[in-house]
Structures are given as C-alpha cells and as structure tokens.
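Colleague: My structure is stored as coords_12.txt, with compact mmCIF, C-alpha atoms and all ligand atoms.
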```
# COMPACT_ATOMS: atom_id res chain seq x y z
CA MET A 1 157.95 35.71 132.50
CA HIS A 2 159.01 33.96 129.35
CA ASP A 3 161.95 35.71 127.66
CA GLU A 4 160.12 36.03 124.37
CA THR A 5 157.24 37.91 126.01
CA VAL A 6 159.57 40.28 127.81
CA ALA A 7 161.43 40.91 124.59
CA ALA A 8 158.32 41.56 122.53
CA ARG A 9 156.80 43.82 125.14
CA THR A 10 159.93 45.88 125.70
CA ALA A 11 160.57 46.24 121.97
CA ASP A 12 157.09 47.72 121.73
CA ILE A 13 157.95 50.34 124.31
CA LEU A 14 160.65 51.78 122.08
CA ARG A 15 158.84 51.56 118.80
CA THR A 16 155.46 52.91 119.67
CA GLU A 17 156.13 55.20 122.60
CA HIS A 18 159.02 57.08 121.08
CA PRO A 19 157.56 60.55 120.58
CA ALA A 20 159.46 61.00 117.34
CA ALA A 21 158.65 57.66 115.69
CA GLU A 22 159.40 58.28 112.00
CA THR A 23 159.66 56.48 108.70
CA THR A 24 163.02 56.08 106.98
CA ALA A 25 162.11 58.81 104.47
CA GLN A 26 161.25 61.17 107.31
CA ILE A 27 164.52 60.46 109.10
CA ALA A 28 166.46 61.01 105.87
CA ALA A 29 164.70 64.33 105.26
CA ARG A 30 165.35 65.49 108.81
CA LEU A 31 169.05 64.63 108.60
CA ALA A 32 169.36 66.27 105.20
CA SER A 33 168.08 69.55 106.60
CA ALA A 34 169.98 69.40 109.92
CA PRO A 35 173.25 71.34 110.07
CA PRO A 36 176.47 69.43 110.73
CA LEU A 37 177.56 69.25 114.36
CA LEU A 38 180.67 67.13 114.48
CA VAL A 39 182.75 66.29 111.43
CA ALA A 40 185.50 63.65 111.44
CA GLU A 41 187.79 63.51 108.42
CA HIS A 42 190.19 60.63 107.88
CA LEU A 43 190.43 60.06 111.62
CA ASP A 44 193.11 57.59 112.74
CA VAL A 45 193.72 56.44 116.31
CA THR A 46 196.81 54.44 117.23
CA TYR A 47 197.85 52.75 120.47
CA VAL A 48 201.57 53.25 120.80
CA THR A 49 202.75 50.17 122.68
CA GLU A 50 205.97 48.26 123.31
CA VAL A 51 205.00 45.57 120.84
CA GLY A 52 204.19 48.04 118.09
CA GLU A 53 201.74 50.67 116.90
CA VAL A 54 198.22 49.24 117.02
CA PRO A 55 196.03 50.81 114.28
CA ALA A 56 192.81 50.69 116.33
CA VAL A 57 190.85 53.21 114.21
CA ARG A 58 191.56 53.99 110.57
CA ASP A 59 190.22 56.54 108.12
CA VAL A 60 186.90 57.29 109.78
CA ASN A 61 184.89 59.92 107.90
CA LEU A 62 181.68 61.03 109.49
CA THR A 63 179.30 63.97 109.65
CA LEU A 64 177.10 63.86 112.73
CA HIS A 65 174.13 66.20 112.30
CA ARG A 66 172.49 68.32 114.98
CA GLY A 67 170.01 66.13 116.85
CA GLU A 68 171.08 62.93 115.10
CA ILE A 69 171.23 59.59 116.89
CA LEU A 70 174.16 57.70 115.42
CA GLY A 71 174.68 54.09 116.47
CA ILE A 72 178.06 52.38 116.17
CA ALA A 73 178.08 48.58 116.28
CA GLY A 74 180.71 45.90 115.84
CA GLU A 75 182.18 42.88 117.58
CA SER A 76 184.43 43.21 120.59
CA ALA A 77 187.79 44.88 119.76
CA SER A 78 186.49 46.41 116.51
CA GLY A 79 187.46 49.88 117.80
CA LYS A 80 184.10 51.28 118.95
CA SER A 81 185.27 52.63 122.30
CA THR A 82 188.55 53.85 120.85
CA LEU A 83 186.63 55.85 118.24
CA LEU A 84 184.07 57.15 120.74
CA ASN A 85 186.83 58.36 123.06
CA ALA A 86 188.55 60.06 120.14
CA LEU A 87 185.31 61.77 119.05
CA ALA A 88 184.68 62.91 122.63
CA ARG A 89 188.35 63.94 122.97
CA LEU A 90 188.65 61.75 126.03
CA GLN A 91 191.42 59.52 124.82
CA ARG A 92 194.47 59.01 127.00
CA PRO A 93 197.90 57.55 126.19
CA PRO A 94 198.81 55.09 124.84
CA ALA A 95 195.99 56.12 122.45
CA VAL A 96 196.85 59.01 120.14
CA THR A 97 194.95 60.60 117.28
CA SER A 98 197.60 59.86 114.69
CA GLY A 99 195.80 61.31 111.69
CA GLY A 100 192.83 63.31 110.46
CA THR A 101 190.78 66.10 111.97
CA LEU A 102 187.72 66.52 114.14
CA THR A 103 185.71 69.74 113.84
CA PHE A 104 182.82 70.92 116.00
CA HIS A 105 180.31 73.31 114.43
CA ARG A 106 178.86 75.70 116.96
CA SER A 107 175.32 76.97 116.53
CA ASP A 108 176.72 80.50 115.97
CA GLY A 109 178.61 79.22 112.91
CA GLU A 110 182.05 79.13 114.49
CA GLU A 111 184.08 76.00 113.76
CA LEU A 112 186.26 74.54 116.49
CA VAL A 113 189.03 72.17 115.44
CA LEU A 114 188.81 69.88 118.46
CA SER A 115 191.62 67.64 117.25
CA ALA A 116 194.05 70.56 117.54
CA MET A 117 192.99 71.64 121.05
CA THR A 118 194.84 71.06 124.30
CA GLU A 119 193.05 69.51 127.27
CA GLU A 120 192.93 72.96 128.86
CA GLN A 121 191.20 74.44 125.81
CA LEU A 122 188.78 71.51 125.60
CA ARG A 123 187.67 71.94 129.18
CA ARG A 124 185.40 74.85 128.22
CA TYR A 125 183.42 72.58 125.96
CA ARG A 126 183.04 69.58 128.25
CA TRP A 127 179.50 69.18 129.62
CA THR A 128 178.28 72.25 127.70
CA SER A 129 179.01 71.02 124.15
CA LEU A 130 180.30 67.47 124.54
CA SER A 131 179.06 65.16 127.27
CA VAL A 132 179.64 61.49 128.04
CA VAL A 133 177.83 58.52 129.61
CA MET A 134 180.04 55.51 130.21
CA GLN A 135 179.18 51.89 130.92
CA SER A 136 179.74 51.90 134.65
CA ALA A 137 177.93 54.53 136.69
CA MET A 138 179.95 53.65 139.75
CA ALA A 139 183.16 54.46 137.89
CA SER A 140 181.74 57.84 136.84
CA LEU A 141 179.92 58.99 139.98
CA ASN A 142 181.99 60.00 143.00
CA PRO A 143 181.13 57.52 145.80
CA VAL A 144 181.79 59.94 148.68
CA ILE A 145 179.79 62.91 147.39
CA ARG A 146 176.01 63.18 147.61
CA LEU A 147 174.25 62.95 144.26
CA GLY A 148 172.90 66.50 144.49
CA SER A 149 176.34 68.04 145.00
CA GLN A 150 177.70 66.20 141.98
CA PHE A 151 175.02 67.92 139.89
CA THR A 152 175.37 71.37 141.45
CA ASP A 153 179.19 71.27 141.18
CA VAL A 154 178.99 70.62 137.43
CA ILE A 155 176.23 73.17 136.86
CA ARG A 156 177.93 75.95 138.82
CA GLU A 157 181.39 75.27 137.42
CA HIS A 158 180.07 75.99 133.95
CA ASP A 159 177.80 78.85 134.90
CA PRO A 160 179.13 80.68 137.97
CA GLU A 161 176.13 83.04 137.96
CA VAL A 162 173.77 80.23 138.92
CA THR A 163 173.06 80.23 142.65
CA GLU A 164 173.32 77.07 144.76
CA ARG A 165 169.56 77.12 145.11
CA GLN A 166 168.96 77.42 141.35
CA ALA A 167 171.47 74.66 140.68
CA THR A 168 169.73 72.39 143.19
CA GLU A 169 166.39 73.05 141.53
CA ARG A 170 167.88 72.23 138.13
CA ALA A 171 169.40 69.03 139.57
CA ALA A 172 166.00 68.01 140.93
CA GLU A 173 164.35 68.64 137.56
CA LEU A 174 167.02 66.61 135.77
CA LEU A 175 166.54 63.68 138.14
CA GLU A 176 162.79 63.86 137.76
CA MET A 177 163.21 63.75 133.99
CA VAL A 178 164.74 60.29 134.35
CA GLY A 179 162.12 59.18 136.88
CA ILE A 180 164.13 59.66 140.08
CA GLN A 181 162.47 61.51 142.95
CA ARG A 182 164.08 64.72 144.09
CA ASP A 183 164.65 63.49 147.63
CA ARG A 184 167.37 61.25 146.18
CA LEU A 185 169.53 64.36 145.78
CA ARG A 186 170.69 63.69 149.32
CA ALA A 187 171.62 60.07 148.59
CA TYR A 188 175.13 58.76 148.02
CA PRO A 189 175.57 56.82 144.76
CA HIS A 190 175.80 53.42 146.50
CA GLN A 191 172.35 54.00 148.00
CA LEU A 192 170.82 53.82 144.52
CA SER A 193 170.10 50.66 142.52
CA GLY A 194 172.25 49.96 139.45
CA GLY A 195 169.53 51.10 137.07
CA MET A 196 168.96 54.28 139.06
CA GLN A 197 172.69 55.07 139.09
CA GLN A 198 172.80 54.74 135.33
CA ARG A 199 169.75 56.98 134.95
CA ALA A 200 171.31 59.53 137.33
CA LEU A 201 174.43 59.50 135.18
CA ILE A 202 172.35 60.18 132.07
CA ALA A 203 170.63 63.06 133.88
CA LEU A 204 174.03 64.40 134.94
CA SER A 205 175.31 64.26 131.37
CA LEU A 206 172.48 66.64 130.45
CA ALA A 207 173.18 69.11 133.28
CA CYS A 208 174.68 71.80 131.05
CA ASP A 209 172.46 71.25 128.01
CA PRO A 210 175.08 69.63 125.75
CA ASP A 211 174.92 69.49 121.95
CA VAL A 212 176.03 65.87 121.82
CA VAL A 213 176.12 63.03 124.34
CA PHE A 214 178.51 60.14 123.75
CA MET A 215 177.26 56.88 125.20
CA ASP A 216 179.45 53.77 125.43
CA GLU A 217 177.34 50.69 126.25
CA PRO A 218 175.34 52.76 128.77
CA THR A 219 172.91 49.95 129.56
CA THR A 220 175.14 46.88 129.47
CA ALA A 221 175.41 46.63 133.25
CA VAL A 222 171.64 46.51 133.91
CA ASP A 223 169.05 43.79 133.28
CA VAL A 224 167.06 43.66 130.06
CA VAL A 225 163.84 45.22 131.36
CA MET A 226 165.72 48.10 132.98
CA GLN A 227 167.74 48.44 129.78
CA ARG A 228 164.58 49.03 127.77
CA GLN A 229 163.25 51.55 130.29
CA ILE A 230 166.49 53.51 130.17
CA LEU A 231 166.59 53.49 126.37
CA SER A 232 163.01 54.65 126.22
CA GLN A 233 163.88 57.48 128.59
CA ILE A 234 166.94 58.46 126.56
CA LEU A 235 164.77 58.68 123.43
CA GLN A 236 162.14 60.78 125.15
CA LEU A 237 164.75 63.17 126.56
CA GLN A 238 166.41 63.42 123.18
CA ALA A 239 163.11 64.24 121.49
CA ARG A 240 162.45 66.92 124.09
CA LEU A 241 165.90 68.51 124.33
CA GLY A 242 167.28 67.87 120.85
CA PHE A 243 170.86 66.82 121.65
CA ALA A 244 172.70 64.49 119.27
CA ILE A 245 173.77 61.05 120.47
CA VAL A 246 176.63 58.79 119.48
CA PHE A 247 175.70 55.40 120.91
CA VAL A 248 178.17 52.51 120.97
CA THR A 249 177.16 48.90 121.56
CA HIS A 250 177.93 45.42 120.24
CA ASP A 251 174.14 44.81 120.16
CA LEU A 252 172.99 45.65 116.66
CA SER A 253 169.33 44.83 117.35
CA LEU A 254 169.21 47.58 119.95
CA LEU A 255 170.65 50.13 117.54
CA LEU A 256 168.11 49.22 114.88
CA GLU A 257 165.42 50.56 117.18
CA ILE A 258 166.96 53.78 118.42
CA SER A 259 169.26 55.09 115.68
CA ASP A 260 168.79 57.51 112.81
CA ARG A 261 171.88 56.02 111.17
CA ILE A 262 174.13 53.10 112.01
CA ALA A 263 177.86 52.68 111.39
CA ILE A 264 179.26 49.14 111.40
CA MET A 265 182.90 48.80 112.47
CA TYR A 266 185.31 46.02 111.67
CA ALA A 267 189.02 46.02 112.52
CA GLY A 268 189.03 49.77 113.13
CA ARG A 269 187.17 50.88 110.01
CA PHE A 270 183.62 51.73 109.06
CA VAL A 271 182.61 48.92 106.73
CA GLU A 272 179.00 50.03 106.35
CA LEU A 273 177.01 53.17 107.13
CA GLY A 274 173.27 53.33 106.58
CA MET A 275 169.78 53.84 107.93
CA PRO A 276 168.34 51.15 110.23
CA GLU A 277 165.86 49.90 107.65
CA GLN A 278 168.65 49.22 105.19
CA ILE A 279 170.98 47.70 107.78
CA TYR A 280 168.16 45.42 108.88
CA GLY A 281 166.50 44.62 105.59
CA SER A 282 169.15 44.91 102.91
CA ALA A 283 172.60 45.26 104.45
CA LEU A 284 175.31 45.71 101.85
CA HIS A 285 178.26 44.22 103.70
CA PRO A 286 178.55 40.49 104.49
CA TYR A 287 179.86 41.40 107.94
CA THR A 288 176.72 43.45 108.69
CA ARG A 289 174.59 40.48 107.71
CA GLY A 290 176.65 38.29 110.02
CA LEU A 291 176.14 40.71 112.91
CA ARG A 292 172.43 40.89 112.21
CA GLY A 293 172.27 37.10 112.42
CA ALA A 294 174.06 37.23 115.76
CA PHE A 295 171.74 39.92 117.18
CA PRO A 296 168.28 39.48 115.66
CA PRO A 297 165.69 42.13 116.60
CA LEU A 298 163.93 41.39 119.87
CA SER A 299 160.58 41.58 118.13
CA GLU A 300 161.42 38.59 115.93
CA PRO A 301 160.50 35.07 117.05
CA VAL A 302 163.26 33.40 119.03
CA ARG A 303 165.49 31.32 116.76
CA ARG A 304 168.94 29.84 116.85
CA LEU A 305 171.60 32.54 116.73
CA ALA A 306 174.07 32.38 113.91
CA GLY A 307 177.47 33.64 115.06
CA ILE A 308 180.04 34.82 112.53
CA PRO A 309 182.55 32.00 111.94
CA GLY A 310 186.19 32.84 112.62
CA THR A 311 187.76 35.61 114.69
CA PRO A 312 188.69 39.24 114.05
CA PRO A 313 192.21 39.80 112.68
CA ASP A 314 195.26 40.73 114.71
CA LEU A 315 195.56 44.50 114.22
CA LEU A 316 199.35 44.19 114.21
CA ASP A 317 199.18 41.71 111.36
CA LEU A 318 196.26 42.75 109.15
CA PRO A 319 195.51 40.95 105.88
CA ALA A 320 196.67 42.83 102.77
CA GLY A 321 193.22 43.38 101.25
CA CYS A 322 189.86 43.46 103.01
CA SER A 323 190.25 42.74 106.74
CA PHE A 324 187.06 40.65 106.67
CA ALA A 325 188.11 38.50 103.69
CA PRO A 326 189.38 35.52 105.76
CA ARG A 327 185.88 35.18 107.30
CA CYS A 328 183.79 36.24 104.33
CA PRO A 329 181.58 33.85 102.33
CA LEU A 330 181.91 36.08 99.24
CA ALA A 331 185.69 36.65 99.35
CA SER A 332 187.49 36.42 96.00
CA GLU A 333 190.98 37.22 94.76
CA VAL A 334 190.49 41.01 94.67
CA CYS A 335 189.36 40.94 98.32
CA ARG A 336 192.61 39.30 99.36
CA THR A 337 194.80 41.82 97.54
CA THR A 338 193.02 45.20 97.53
CA ARG A 339 191.37 46.97 100.43
CA PRO A 340 187.86 48.17 99.50
CA GLU A 341 187.06 51.82 100.19
CA LEU A 342 183.75 52.91 101.70
CA ARG A 343 181.57 53.96 98.75
CA GLU A 344 177.98 54.96 98.03
CA ILE A 345 175.77 52.13 96.88
CA GLY A 346 172.06 52.74 96.39
CA GLY A 347 171.44 55.09 99.30
CA GLY A 348 173.86 53.38 101.69
CA GLN A 349 177.63 53.14 102.00
CA ALA A 350 179.75 50.01 102.20
CA ALA A 351 183.39 49.02 101.92
CA CYS A 352 183.05 45.78 99.97
CA HIS A 353 184.16 44.85 96.47
CA HIS A 354 181.06 42.73 96.05
CA ALA A 355 178.45 45.13 97.39
CA GLY A 356 175.77 45.79 94.78
CA THR A 357 176.86 42.90 92.52
CA THR A 358 174.41 40.16 91.53
CA GLU A 359 176.05 37.55 93.78
CA GLU A 360 175.96 39.94 96.73
CA VAL A 361 172.32 40.85 96.16
CA THR A 362 171.50 37.13 96.06
CA ALA A 363 173.41 36.58 99.32
CA ARG A 364 171.27 39.25 101.02
CA ALA A 365 168.16 37.13 100.71
N1 LIG B 401 195.63 50.40 125.92
C1 LIG B 401 195.68 49.70 124.78
N2 LIG B 401 196.85 49.34 124.23
C2 LIG B 401 196.92 48.63 123.09
N3 LIG B 401 195.85 48.26 122.37
C3 LIG B 401 194.65 48.59 122.86
C4 LIG B 401 194.48 49.32 124.08
N4 LIG B 401 193.16 49.50 124.31
C5 LIG B 401 192.53 48.90 123.28
N5 LIG B 401 193.41 48.36 122.40
C6 LIG B 401 193.10 47.63 121.16
O1 LIG B 401 192.35 48.47 120.31
C7 LIG B 401 191.37 47.68 119.61
C8 LIG B 401 190.02 48.32 119.76
O2 LIG B 401 189.60 48.24 121.11
P1 LIG B 401 188.25 48.90 121.63
O3 LIG B 401 188.25 48.81 123.10
O4 LIG B 401 188.11 50.24 121.03
O5 LIG B 401 187.16 47.93 121.00
P2 LIG B 401 185.58 47.87 121.25
O6 LIG B 401 184.97 47.73 119.91
O7 LIG B 401 185.16 48.99 122.11
O8 LIG B 401 185.41 46.48 122.02
P3 LIG B 401 184.36 46.06 123.17
O9 LIG B 401 183.08 45.72 122.46
O10 LIG B 401 184.98 44.83 123.77
O11 LIG B 401 184.22 47.18 124.13
C9 LIG B 401 191.47 46.28 120.17
O12 LIG B 401 192.22 45.47 119.30
C10 LIG B 401 192.19 46.45 121.46
O13 LIG B 401 192.96 45.32 121.76
MG MG B 402 184.26 49.10 123.99
```
What do you get writing this file as structure tokens?
Ligand SMILES: Nc1ncnc2c1ncn2[C@@H]1O[C@H](COP(=O)(O)OP(=O)(O)OP(=O)(O)O)[C@@H](O)[C@H]1O
Ligand SMILES: [Mg+2]
Modeller:
Amino acid sequence: MHDETVAARTADILRTEHPAAETTAQIAARLASAPPLLVAEHLDVTYVTEVGEVPAVRDVNLTLHRGEILGIAGESASGKSTLLNALARLQRPPAVTSGGTLTFHRSDGEELVLSAMTEEQLRRYRWTSLSVVMQSAMASLNPVIRLGSQFTDVIREHDPEVTERQATERAAELLEMVGIQRDRLRAYPHQLSGGMQQRALIALSLACDPDVVFMDEPTTAVDVVMQRQILSQILQLQARLGFAIVFVTHDLSLLLEISDRIAIMYAGRFVELGMPEQIYGSALHPYTRGLRGAFPPLSEPVRRLAGIPGTPPDLLDLPAGCSFAPRCPLASEVCRTTRPELREIGGGQAACHHAGTTEEVTARA
C-alpha cells in the first residue's frame, strides 16, 4: 500500500475512533477542573561525569492533572528521557536530581514529596501510583518467566489478599483489553510478536490501576501500522480507566493527535508548552515551528521535510543567552546575551524573546 494511504487511514483511526475526541476548548475546560496529580517545581537533573556536570534538565515547572495526556517532544538529546526518568523517580547514577521538587497528590488529599523519598519508600508507589512503559518490551519483560506469572507476581506483590486465581483472571482481562487472547498467559515473551510484546507491556503497566503511566517512545520499535493500533488502544484504555499519561517521543506529529497538552524541550528546558491546536497552528517558539516542519501531521499531503538547520548545543558549553539562538532565524542581540524565561503568551507559554512580537507573528505564517 502506498505510504500516503496508510498514513491517512491510520491518522483517521486516532482522530475519529478516540472515544473522548474533544475540541481544544473542551480539553482546556477538562484540565482546568481536574485536580493536580504530579507537580514539578524548578526540577534540575544533572549527570555527574568525569568530564563535568552535564545539565541535562533545567528548571522544569509542570503541573500534570489527573487524567491528562501530556506529550513531551524534542530532538534527540534534548533531555526527554532524562526528565521522564526523573518524573517517574527511576533515574540512576550518574543522573541526580540536583534541584527542585516533585510532589504527588494522592486522591485522598495527601501530598507525597517524591523527590525526597528513598528507593525503599518509593517502592510502595510503583505500579499502584506510578507506572512505566519503556521503548523495548524485551528489556522490560523477563524472558524466562511466562507472561501470566509476570502479571500475577506484580498484582499479588501489591495486594497480598488477591488469590492466585483472582490475579490470573485479572491478568487475562488486562491482556484482552489490549487485544491479546487469554491463552497467551502461558506464553514466554519471545513467543509473542514485537507488537504483541509491547501491548502486553502496556497491559502490565496497568495491572495495579496506576494514577499515571510514563511512556518513553513506547511504539518506536514497531512498524507504523502497529504503532497506530497501539496508540489507538492506549487512548481507549485511558478513556476507560482515567489514568494520566506522560508520553515522550521525538515525533511531534504523533503527539498532536494524542495529547491534551504538549511540552517542547530544547537543551534540557521546556521552550514551549501548549495545547495541540496551538502547537500545530500557531506555535510561539521558532524551534517548535522547526520541529513541526520536520514531523508534519500524517494526515497532511506528503511534502519535502524541512529539517532544522544546525545541531543542538553542547550541554557542557551552552551559549550565554537562548540555547536555540545559534540556529534561530529570529535571533537578535538580546537572544545571544539573555536567556528567555518561559512566560504566558496568549493562552500558551514560550521561552522566546520574540514570541508575540510582530516579526514573530509574521514568521508563524
Ligand atoms: N549517562 C549519561 N552521562 C552523561 N550524559 C548523559 C548520560 N545520559 C544522557 N546524557 C546526556 O543527557 C542529555 C539528554 O539525554 P536524553 O537521553 O535525556 O535525551 P532524549 O531527548 O531522550 O534523546 P533521544 O530522543 O535520543 O532518546 C544528552 O545530552 C545526553 O548526552
Ligand atoms: Mg530518550
């Protein structure tokens, strides 16, 4: 089948079959009335290495709402995975949270300062509050344990009162929710196709009814048609079960279709945060517009891709002002000397001296 046809058809699956298809105003109203779930304030993550301290994430401020789907996009090495691991409290040395706080708001009103917890303390909240789906299912599933046991182990570890039989039934239901027949409970991971493994991993992440699922490029390893099927399934499960999602990918076009809000990262910082319609139609930051040119929506006619000229900066030798200035068509003197802070501009947020100015608005066209 011609690529364009596949793309158009699969884009349709997400847009029209998503049970919660909403307008931008509806999404905004829903988020405004949803309580906060995870709040990051001035979060910094540093890799402490022999050649120096790498400032991989800087000053990230974020309120993820209950049930929100937040997409995080950016080029390779912009800090997406580093941030996701910090939010999920999965980071390992040499990465350290070198500044800021991360607070989890339980539904009973209690606030947990995750950034101050030890691994032992965090363990209680893994799977039940915070859950993760990584890029490679084979790296996450245990190759020598049958699929069913991997589910029942997780379920029973977090709720010892559940019997083996009840846990197996729950495992079967979870698999069926992602379109895998229950007889596959007896299979070993390698006996499943790549797409099925990834779907099993998504089902497993939901085993203990988490409040938020962190997903780092969960569909990168599968082909494009399978990718769309998996995304469609994630959206349907989310609509049914109500968990929040933080979804990381370099593919902005994909995020435009699934996210309630999108954060754009560059050199470790959020440079823009907004709703998909704005990011797509009237992005405030020149970098966002560059990314959009590099990943046009699948529903658009095929055209030549415009990459962003230049390369990301060396984190150990960042420019004095805006990190994007050396690659930016709008860069002026102030951009080279003063770092722009993320600020509110007409319903969105951007860290750009020129955002909202006449020249910037003209450049959007
Ligand atoms: N173990 C490490 N030691 C030192 N620096 C690291 C380490 N891991 C990552 N980094 C640096 O941190 C920065 C952010 O990396 P990260 O993996 O978070 O980017 P990313 O946006 O997820 O990229 P990709 O799209 O390629 O997955 C990069 O400059 C990277 O080189
Ligand atoms: Mg990554």
Colleague: Against segment 26-29 of chain A, which residues of segment 55-144 of chain A fall within 12 Å? For each one I want the closest pair of atoms and the distance in Å (one decimal), counting all atoms listed in the file, rows by chain and increasing residue number, as a Markdown table.
Modeller:
```
| residue | atom | partner | partner_atom | distance |
| --- | --- | --- | --- | --- |
| A:His65 | CA | A:Ala28 | CA | 11.3 |
| A:Gly67 | CA | A:Ile27 | CA | 11.1 |
| A:Glu68 | CA | A:Ile27 | CA | 9.2 |
| A:Ile69 | CA | A:Ile27 | CA | 10.3 |
| A:Leu70 | CA | A:Ile27 | CA | 11.9 |
```
Colleague: Return as a JSON list (two decimals) with C-alpha atoms, keeping the file's coordinate frame every polymer residue, whether protein, DNA or RNA, with at least one atom no more than 12 Å from an atom of ligand MG 402 (chain B); count all atoms listed in the file.
Modeller:
```json
[["chain", "number", "residue", "atom", "x", "y", "z"],
["A", 56, "ALA", "CA", 192.81, 50.69, 116.33],
["A", 72, "ILE", "CA", 178.06, 52.38, 116.17],
["A", 73, "ALA", "CA", 178.08, 48.58, 116.28],
["A", 74, "GLY", "CA", 180.71, 45.90, 115.84],
["A", 75, "GLU", "CA", 182.18, 42.88, 117.58],
["A", 76, "SER", "CA", 184.43, 43.21, 120.59],
["A", 77, "ALA", "CA", 187.79, 44.88, 119.76],
["A", 78, "SER", "CA", 186.49, 46.41, 116.51],
["A", 79, "GLY", "CA", 187.46, 49.88, 117.80],
["A", 80, "LYS", "CA", 184.10, 51.28, 118.95],
["A", 81, "SER", "CA", 185.27, 52.63, 122.30],
["A", 82, "THR", "CA", 188.55, 53.85, 120.85],
["A", 83, "LEU", "CA", 186.63, 55.85, 118.24],
["A", 84, "LEU", "CA", 184.07, 57.15, 120.74],
["A", 85, "ASN", "CA", 186.83, 58.36, 123.06],
["A", 134, "MET", "CA", 180.04, 55.51, 130.21],
["A", 135, "GLN", "CA", 179.18, 51.89, 130.92],
["A", 136, "SER", "CA", 179.74, 51.90, 134.65],
["A", 215, "MET", "CA", 177.26, 56.88, 125.20],
["A", 216, "ASP", "CA", 179.45, 53.77, 125.43],
["A", 217, "GLU", "CA", 177.34, 50.69, 126.25],
["A", 218, "PRO", "CA", 175.34, 52.76, 128.77],
["A", 220, "THR", "CA", 175.14, 46.88, 129.47],
["A", 247, "PHE", "CA", 175.70, 55.40, 120.91],
["A", 248, "VAL", "CA", 178.17, 52.51, 120.97],
["A", 249, "THR", "CA", 177.16, 48.90, 121.56],
["A", 250, "HIS", "CA", 177.93, 45.42, 120.24],
["A", 251, "ASP", "CA", 174.14, 44.81, 120.16],
["A", 265, "MET", "CA", 182.90, 48.80, 112.47],
["A", 268, "GLY", "CA", 189.03, 49.77, 113.13]]
```
Colleague: Please, what is the axis-aligned box for every listed atom of ligand LIG 401 (chain B) with 8 Å on each side, as centre and edge lengths in Å to one decimal, as lines of an AutoDock Vina configuration file?
Modeller:
```
center_x = 190.0
center_y = 47.6
center_z = 122.6
size_x = 29.8
size_y = 21.6
size_z = 22.6
```
Colleague: Taking (188.1, 42.9, 98.4) as a centre in this file's frame and 8 Å as the limit, can you find every polymer residue with an atom that close, using all atoms listed in the file, and give them as a ChimeraX atom specification?
Modeller: /A:321-322,325,331-340,352-354
Colleague: With distances taken over only C-alpha atoms, which of A:Ala320, A:Ala207, A:Ile279, A:Ala239 is nearest to Glu169 of chain A?
Modeller: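 Between A:Ala320, A:Ala207, A:Ile279, A:Ala239, the residue approaching Glu169 of chain A most closely is A:Ala207.
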Colleague: Once you count all atoms listed in the file, which residues end up no further than 12 Å from (196.5, 59.4, 122.4) in the file's frame, shown as a VMD selection string?
Modeller: chain A and resid 44 to 49 53 to 57 82 to 83 85 to 87 89 to 99 115 118 to 119
Colleague: Atom CA of Leu235 of chain A and atom CA of Asp108 of chain A are how many Å apart?
Modeller: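 Interatomic distance here is 26.0 Å.
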Colleague: If we count all atoms listed in the file, what is near segment 192-206 of chain A at a cut-off of 7 Å, once residues fewer than 5 positions away on the same chain are taken out, given as a PyMOL selection string?
Modeller: chain A and resi 127+131-133+137+151+174-175+178+222+226+230
Colleague: Restricting the calculation to all atoms listed in the file, which member of A:Ala171, A:Leu315, A:Ala139, A:Ile245 is positioned closest to ligand LIG 401 (chain B)?
Modeller: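 Checking each of A:Ala171, A:Leu315, A:Ala139, A:Ile245 against ligand LIG 401 (chain B), counting all atoms listed in the file, the winner is A:Leu315.
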Colleague: Restricting the calculation to all atoms listed in the file, which member of A:Asp260, A:Glu157, A:Asp209, A:Asp314 is positioned closest to ligand LIG 401 (chain B)?
Modeller: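 Distance minimum relative to ligand LIG 401 (chain B) lands on A:Asp314.
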Colleague: Pick from A:Phe270, A:Ile258, A:Leu237, A:Ala187: nearest to Leu43 of chain A, with all atoms listed in the file counted?
Modeller: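 Between A:Phe270, A:Ile258, A:Leu237, A:Ala187, the residue approaching Leu43 of chain A most closely is A:Phe270.
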Colleague: Just how far from atom CA of Thr24 of chain A is atom CA of Phe324 of chain A, in Å to one decimal?
Modeller: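 About the pair atom CA of Phe324 of chain A and atom CA of Thr24 of chain A: they are 28.6 Å apart.
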Colleague: Which of these residues is nearest to Phe243 of chain A, using all atoms listed in the file: A:Leu130, A:Ala221, A:Val39, A:Leu31?
Modeller: A:Leu130
Colleague: With distances taken over all atoms listed in the file, which residue among A:Pro313, A:Phe214, A:Thr23, A:Thr168 lies nearest Ala267 of chain A?
Modeller: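 Of the candidates, the smallest distance to Ala267 of chain A is held by A:Pro313.
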Colleague: Please compute the atom CA of Ala363 of chain A-atom CA of Asp59 of chain A distance, one decimal, in Å.
Modeller: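 A separation of 27.5 Å between them.
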Colleague: Can you list, as JSON, numbers by chain, every protein, DNA or RNA residue that comes within 10 Å of Gln278 of chain A when you count only C-alpha atoms, leaving out same-chain residues fewer than 2 positions away?
Modeller: {"A": [24, 256, 261, 262, 273, 274, 275, 276, 280, 281, 282, 283, 284, 347, 348]}
